[in-house]
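Reading through the structure tokens given below for one structure.
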Amino acid sequence: MMIPVLLGVTFIVFFIMSLTPGDPAAIILGDQASAESLAQKRIELGLDKPLLVRYASYMGNLFRGDLGLSYRNQLSVAEQVWDKFPNTAILAIAGILVALLIGIPVGILSAKKQYTFMDNSSMVLSLIGVSMPNFWLGLLLSLLFALKLGWLPSQGMGSGFFGLLRSLVLPALTLGTGVAATVVRMTRSSMLEVIRQDYISTARAKGITEKQVTNKHMLKNALIPIVTAVGLQFGHLLGGAMLTETIFSWPGLGRLMVDSITSKDIPMVLGAVIFMAVMFSFVNLLVDILYAFLDPRIKSQYKGKKAAAKKEVFA
Amino acid sequence: MKTADAKKQRTLSAETWRRFKKNKLALSGMIVLLALVLIALSTIVIDLVTDNAIYNNKVIKQNLRLRLQGPSKDHIFGLDEFGRDIFMRMIWAVRYSLFMGTIAIALSTIVGVILGSIAGYYGKVTDNIIMRFMDVLLAIPSMLLATAIVAALGTSLTNVLIAIAISYVPTFARTVRASVLTIKDQEFIEAARAIGASDLRIIFKYILPNSMAPLIVQATLGVAGAILSIAGLSFLGLGIQPPTPEWGSMLSSARSYIREGWHITVIPGLGIMITILALNVMGDGLRDALDPRLKN
């Protein structure tokens, strides 16, 4: 199922970007270029061929790891994307970590102490977190911690492990807070669904500690909707990375994309969007695989299907 | 038959309203939202009546001598980097965020409803083609899709609207399809078909009114998301362009002056947050009111 979707994704993005007005040959060669050299360049770029043919050759190159050349500096798009990707990955992982480390514990506590002061205030805070534009939060954080207090750097990526860590704090918080708020709400509601089940009383009656009841019996059963939410939020994270990277001058894919848009560098935008969409699909696939680990019932379902299919073949 | 139907409908919405009213948080969200709508409408009326005089003189006119002045008695939110009154700009910005978000979601709701109900009602190949296409759109993160569309088509109000609308279509198509699937096999649909109602009539008259609940909730939360996306695009310089007052673009230009005045960064963001908060709270309240089983 993933391959047709990816083909569709690449085609749609390719189609959208081909709608860009303006002549790519003129963008590359500049205004002074002669008519012949423009025509020459157009044939070189394959612009005289129909859209589908161009798409097919783009895809052919894509499978060889070639995303074409950037208009701006004539360098390989694939190389530049690969170059920036680790920085975005670091930021995204840090953002997810922030979200999980804040979201899950607060969500659990909220569910266990439903309708107390603690629950109410965490619900209000998470509502605010969901409603806050993350680029605004980024500006506020850099205003407070970088400019007023001077504790942390607000621009760029630090070198060395501690430098990196220090420069990562503000962008990761910016990126992770919105997701954390969603995770809190999701954790709370899915914990509340299991919290009054009979097997929880059974577990308590057996005399195991409350900690074990929470971690082993409640959380494990409540984890699936949380994982789903985090997987879906990853898409938001990639979108948010564009904004966060712009605010903190983080040298990642998002900023590369924004810069390329302003300079009308179509192959670069195309390559970056396709790359991020593929990443998103992979994360979703990963989430699907994770389900089987989290819930043995899903695993046995697959096994059941396979067995049934085998039976049909032999029947 | 018809009157009985209408009566039932009324009591259902009355019932929803009764439950919604009890939720004080959701109710206050609605009041804030109504106030914002009122502000937006009155700025439009003022512009029409005064022939943009106030807009030109107070909202976009620069006064560099007073730039970056902090909040004072004359200017309660202070002045921005070009000496414009931030309070006036905030007020005039409401209509862009609110109405553009609403229009974008209205567009995607219409398209989503049409696609979703066709897919759900006819099933089989039609369903497969439409929903696989929706899967593809859904596989591209919405902000990325919107950015790509704006990047290709250029930054204009219409293009931003189209971009946001397209990126929200799959959500609505899925919601509608799901509820069409649960309704289409019920007996009253069969009865409608038996008395000779056309497919179109069945879909619009009998199926859609019964699948409104999830759609309303989705649309309310969708407007919140759309406003955030528009503000985000404007912040990147891909949305509404200055000097038009828009919260996202106000934040974008404030960024360069963050050292010189905190108020120009803090205030526009508060505007966005309050609007989104009101919409989220109201959306949650509507969901609980429309389907009390979901509440915990």
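The chains in the structure tokens are called A, B, ... from first to last as shown; in each chain the residues are counted from 1, and the ligands are counted from 1 in the order shown.
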
If we count only C-alpha atoms and set the cut-off at 9 Å, which residues sit around Ile247 in chain A, ignoring sequence neighbours fewer than 4 positions away in its own chain? Please answer as an MDAnalysis selection string. (chainID A and resid 135 138:139 142 154:155 171 242:243) or (chainID B and resid 255)

Those same residues - N, CA and C atoms - I'd like them written as a PDB file, in the first residue's frame.
ATOM      1  N   PHE A 135       5.502  29.097  16.251  1.00  0.00           N
ATOM      2  CA  PHE A 135       6.527  30.104  15.927  1.00  0.00           C
ATOM      3  C   PHE A 135       6.484  31.263  16.915  1.00  0.00           C
ATOM      4  N   GLY A 138       8.315  30.113  19.931  1.00  0.00           N
ATOM      5  CA  GLY A 138       9.745  30.200  19.655  1.00  0.00           C
ATOM      6  C   GLY A 138      10.277  31.609  19.874  1.00  0.00           C
ATOM      7  N   LEU A 139       9.520  32.596  19.386  1.00  0.00           N
ATOM      8  CA  LEU A 139       9.942  33.988  19.559  1.00  0.00           C
ATOM      9  C   LEU A 139       9.963  34.356  21.036  1.00  0.00           C
ATOM     10  N   SER A 142      12.938  32.728  22.793  1.00  0.00           N
ATOM     11  CA  SER A 142      14.236  33.348  22.511  1.00  0.00           C
ATOM     12  C   SER A 142      14.289  34.752  23.106  1.00  0.00           C
ATOM     13  N   SER A 154      20.272  31.720  20.732  1.00  0.00           N
ATOM     14  CA  SER A 154      18.999  31.735  20.017  1.00  0.00           C
ATOM     15  C   SER A 154      19.183  31.528  18.524  1.00  0.00           C
ATOM     16  N   GLN A 155      20.421  31.488  18.069  1.00  0.00           N
ATOM     17  CA  GLN A 155      20.648  31.348  16.642  1.00  0.00           C
ATOM     18  C   GLN A 155      21.635  30.237  16.356  1.00  0.00           C
ATOM     19  N   PRO A 171      14.949  25.416  20.305  1.00  0.00           N
ATOM     20  CA  PRO A 171      14.188  24.892  19.161  1.00  0.00           C
ATOM     21  C   PRO A 171      13.385  23.645  19.511  1.00  0.00           C
ATOM     22  N   MET A 242       9.845  23.875   9.585  1.00  0.00           N
ATOM     23  CA  MET A 242      10.118  25.002   8.692  1.00  0.00           C
ATOM     24  C   MET A 242      10.125  26.307   9.469  1.00  0.00           C
ATOM     25  N   LEU A 243       9.105  26.466  10.332  1.00  0.00           N
ATOM     26  CA  LEU A 243       8.981  27.700  11.106  1.00  0.00           C
ATOM     27  C   LEU A 243      10.065  27.781  12.170  1.00  0.00           C
TER      28      LEU A 243
ATOM     29  N   ARG B 255      10.017  40.184  14.202  1.00  0.00           N
ATOM     30  CA  ARG B 255      11.173  39.354  14.527  1.00  0.00           C
ATOM     31  C   ARG B 255      12.490  40.115  14.452  1.00  0.00           C
TER      32      ARG B 255
END

Mind listing as a list of chain:residue names which residues of chain A are within 6 Å of chain B, counting only C-alpha atoms? A:Val5, A:Gly8, A:Val9, A:Met17, A:Thr20, A:Ser131, A:Met132, A:Trp136, A:Gly235, A:Gly239, A:Ile261, A:Ala277

Taking the DSSP secondary structure from the backbone, can you list the residues of range 40-252 of chain A that are helix (DSSP H, G or I), as a PyMOL selection string? chain A and resi 40-45+51-63+77-112+117-131+134-148+160-195+198-205+210-247

Contacts of Ile110 in chain B within 12 Å, only C-alpha atoms, excl. fewer than 2 positions in-chain, as a PyMOL selection string: chain B and resi 103-108+112-117+165-166+168-173+176+208+215+219

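Considering the residues A:Ala181, A:Trp151, A:Asn87, A:Phe275 and counting only C-alpha atoms, Gly129 in chain A has its shortest atom-to-atom contact with A:Ala181.
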
For a quick check of understanding, using only C-alpha atoms, which of B:Met250, B:Met88, B:Leu12, B:Val94 has the smallest distance to Ala35 in chain B? B:Val94

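Proximity to Leu294 in chain A was assessed for A:Val230, A:Leu29, A:Ile224, A:Val273 counting only C-alpha atoms; the smallest distance is recorded for A:Ile224.
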
Work out how far CA of Ile3 in chain A is from CA of Tyr71 in chain A, in Å to one decimal. 29.0 Å

Residues within 10 Å of Glu81 in chain B, please, as a ChimeraX atom specification. Count only C-alpha atoms; anything in the same chain fewer than 2 positions from it doesn't count. /B:62-64,66-69,79,83-86,250,253-254,256-258,260-261,264

At a cut-off of 7 Å, using only C-alpha atoms, what residues contact range 119-125 of chain B? Leave out same-chain residues fewer than 4 positions from it and give the result as a ChimeraX atom specification. /B:115,129-130,177,180-181,184

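Relative to CA of Asn221 in chain A, CA of Ala292 in chain A is found at 12.6 Å.
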
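Of the residues under consideration (A:Val130, A:Pro267, A:Ala229, A:Gly158), A:Pro267 shows the shortest atom-to-atom contact distance to Ser76 in chain A when counting only C-alpha atoms.
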
Which neighbours of Gly163 in chain A fall inside 10 Å, counting only C-alpha atoms, when residues of the same chain fewer than 6 positions from it are skipped, and could you give them as a short mmCIF file (atom, residue, chain, number, x, y, z; two decimals) with C-alpha atoms, in the first residue's frame?
data_model
loop_
_atom_site.label_atom_id
_atom_site.label_comp_id
_atom_site.auth_asym_id
_atom_site.auth_seq_id
_atom_site.Cartn_x
_atom_site.Cartn_y
_atom_site.Cartn_z
CA LEU A 152 20.94 29.94 25.86
CA PRO A 153 21.88 30.74 22.27
CA MET A 157 23.63 25.12 15.77
#

If you measure from CA of Met186 in chain A to CA of Pro225 in chain A, what distance in Å do you get, rounded to one decimal? 7.1 Å

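With only C-alpha atoms as the atoms that count, the residue of B:Val59, B:Leu221, B:Ala226, B:Ile195 with the shortest distance to Gly285 in chain B is B:Leu221.
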
Write out as a PDB file with N, CA and C atoms, in the first residue's frame which residues come within 10 Å of range 21-25 of chain B when counting only C-alpha atoms, dropping same-chain ones fewer than 2 positions away.
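Generated file (selection_6.pdb):
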ATOM      1  N   GLU B  15     -31.703  19.999  22.098  1.00  0.00           N
ATOM      2  CA  GLU B  15     -31.061  19.109  23.062  1.00  0.00           C
ATOM      3  C   GLU B  15     -29.547  19.371  23.089  1.00  0.00           C
ATOM      4  N   THR B  16     -28.981  19.496  21.895  1.00  0.00           N
ATOM      5  CA  THR B  16     -27.551  19.777  21.777  1.00  0.00           C
ATOM      6  C   THR B  16     -27.215  21.102  22.446  1.00  0.00           C
ATOM      7  N   TRP B  17     -28.030  22.102  22.151  1.00  0.00           N
ATOM      8  CA  TRP B  17     -27.805  23.432  22.715  1.00  0.00           C
ATOM      9  C   TRP B  17     -27.894  23.381  24.232  1.00  0.00           C
ATOM     10  N   ARG B  18     -28.852  22.615  24.760  1.00  0.00           N
ATOM     11  CA  ARG B  18     -29.018  22.502  26.202  1.00  0.00           C
ATOM     12  C   ARG B  18     -27.752  21.907  26.843  1.00  0.00           C
ATOM     13  N   ARG B  19     -27.205  20.895  26.185  1.00  0.00           N
ATOM     14  CA  ARG B  19     -25.980  20.292  26.725  1.00  0.00           C
ATOM     15  C   ARG B  19     -24.792  21.221  26.577  1.00  0.00           C
ATOM     16  N   LEU B  27     -18.955  27.631  26.251  1.00  0.00           N
ATOM     17  CA  LEU B  27     -19.828  28.791  26.075  1.00  0.00           C
ATOM     18  C   LEU B  27     -19.002  30.074  26.000  1.00  0.00           C
ATOM     19  N   SER B  28     -18.003  30.182  26.882  1.00  0.00           N
ATOM     20  CA  SER B  28     -17.190  31.403  26.832  1.00  0.00           C
ATOM     21  C   SER B  28     -16.364  31.439  25.555  1.00  0.00           C
ATOM     22  N   GLY B  29     -15.945  30.270  25.062  1.00  0.00           N
ATOM     23  CA  GLY B  29     -15.264  30.224  23.773  1.00  0.00           C
ATOM     24  C   GLY B  29     -16.144  30.789  22.680  1.00  0.00           C
ATOM     25  N   MET B  30     -17.429  30.406  22.725  1.00  0.00           N
ATOM     26  CA  MET B  30     -18.351  30.879  21.704  1.00  0.00           C
ATOM     27  C   MET B  30     -18.536  32.387  21.801  1.00  0.00           C
ATOM     28  N   ILE B  31     -18.605  32.896  23.039  1.00  0.00           N
ATOM     29  CA  ILE B  31     -18.804  34.341  23.210  1.00  0.00           C
ATOM     30  C   ILE B  31     -17.609  35.114  22.660  1.00  0.00           C
ATOM     31  N   ALA B 278     -10.347  29.848  21.615  1.00  0.00           N
ATOM     32  CA  ALA B 278     -11.805  29.924  21.591  1.00  0.00           C
ATOM     33  C   ALA B 278     -12.383  28.850  20.675  1.00  0.00           C
ATOM     34  N   VAL B 281     -11.844  25.259  22.230  1.00  0.00           N
ATOM     35  CA  VAL B 281     -12.735  25.027  23.363  1.00  0.00           C
ATOM     36  C   VAL B 281     -14.159  24.802  22.868  1.00  0.00           C
ATOM     37  N   MET B 282     -14.562  25.607  21.879  1.00  0.00           N
ATOM     38  CA  MET B 282     -15.906  25.467  21.353  1.00  0.00           C
ATOM     39  C   MET B 282     -16.065  24.148  20.604  1.00  0.00           C
ATOM     40  N   ASP B 284     -14.428  21.336  21.139  1.00  0.00           N
ATOM     41  CA  ASP B 284     -14.517  20.257  22.124  1.00  0.00           C
ATOM     42  C   ASP B 284     -15.903  20.214  22.742  1.00  0.00           C
ATOM     43  N   GLY B 285     -16.429  21.404  23.077  1.00  0.00           N
ATOM     44  CA  GLY B 285     -17.755  21.481  23.686  1.00  0.00           C
ATOM     45  C   GLY B 285     -18.819  20.958  22.744  1.00  0.00           C
ATOM     46  N   LEU B 286     -18.718  21.327  21.464  1.00  0.00           N
ATOM     47  CA  LEU B 286     -19.687  20.856  20.473  1.00  0.00           C
ATOM     48  C   LEU B 286     -19.644  19.342  20.359  1.00  0.00           C
ATOM     49  N   ASP B 288     -18.737  17.152  22.618  1.00  0.00           N
ATOM     50  CA  ASP B 288     -19.381  16.543  23.785  1.00  0.00           C
ATOM     51  C   ASP B 288     -20.891  16.709  23.728  1.00  0.00           C
ATOM     52  N   ALA B 289     -21.355  17.878  23.241  1.00  0.00           N
ATOM     53  CA  ALA B 289     -22.786  18.139  23.218  1.00  0.00           C
ATOM     54  C   ALA B 289     -23.479  17.302  22.155  1.00  0.00           C
TER      55      ALA B 289
END

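Distances from B:His263, B:Val111, B:Phe99, B:Ser13 to Met212 in chain B were compared using only C-alpha atoms, and the smallest one belongs to B:Ser13.
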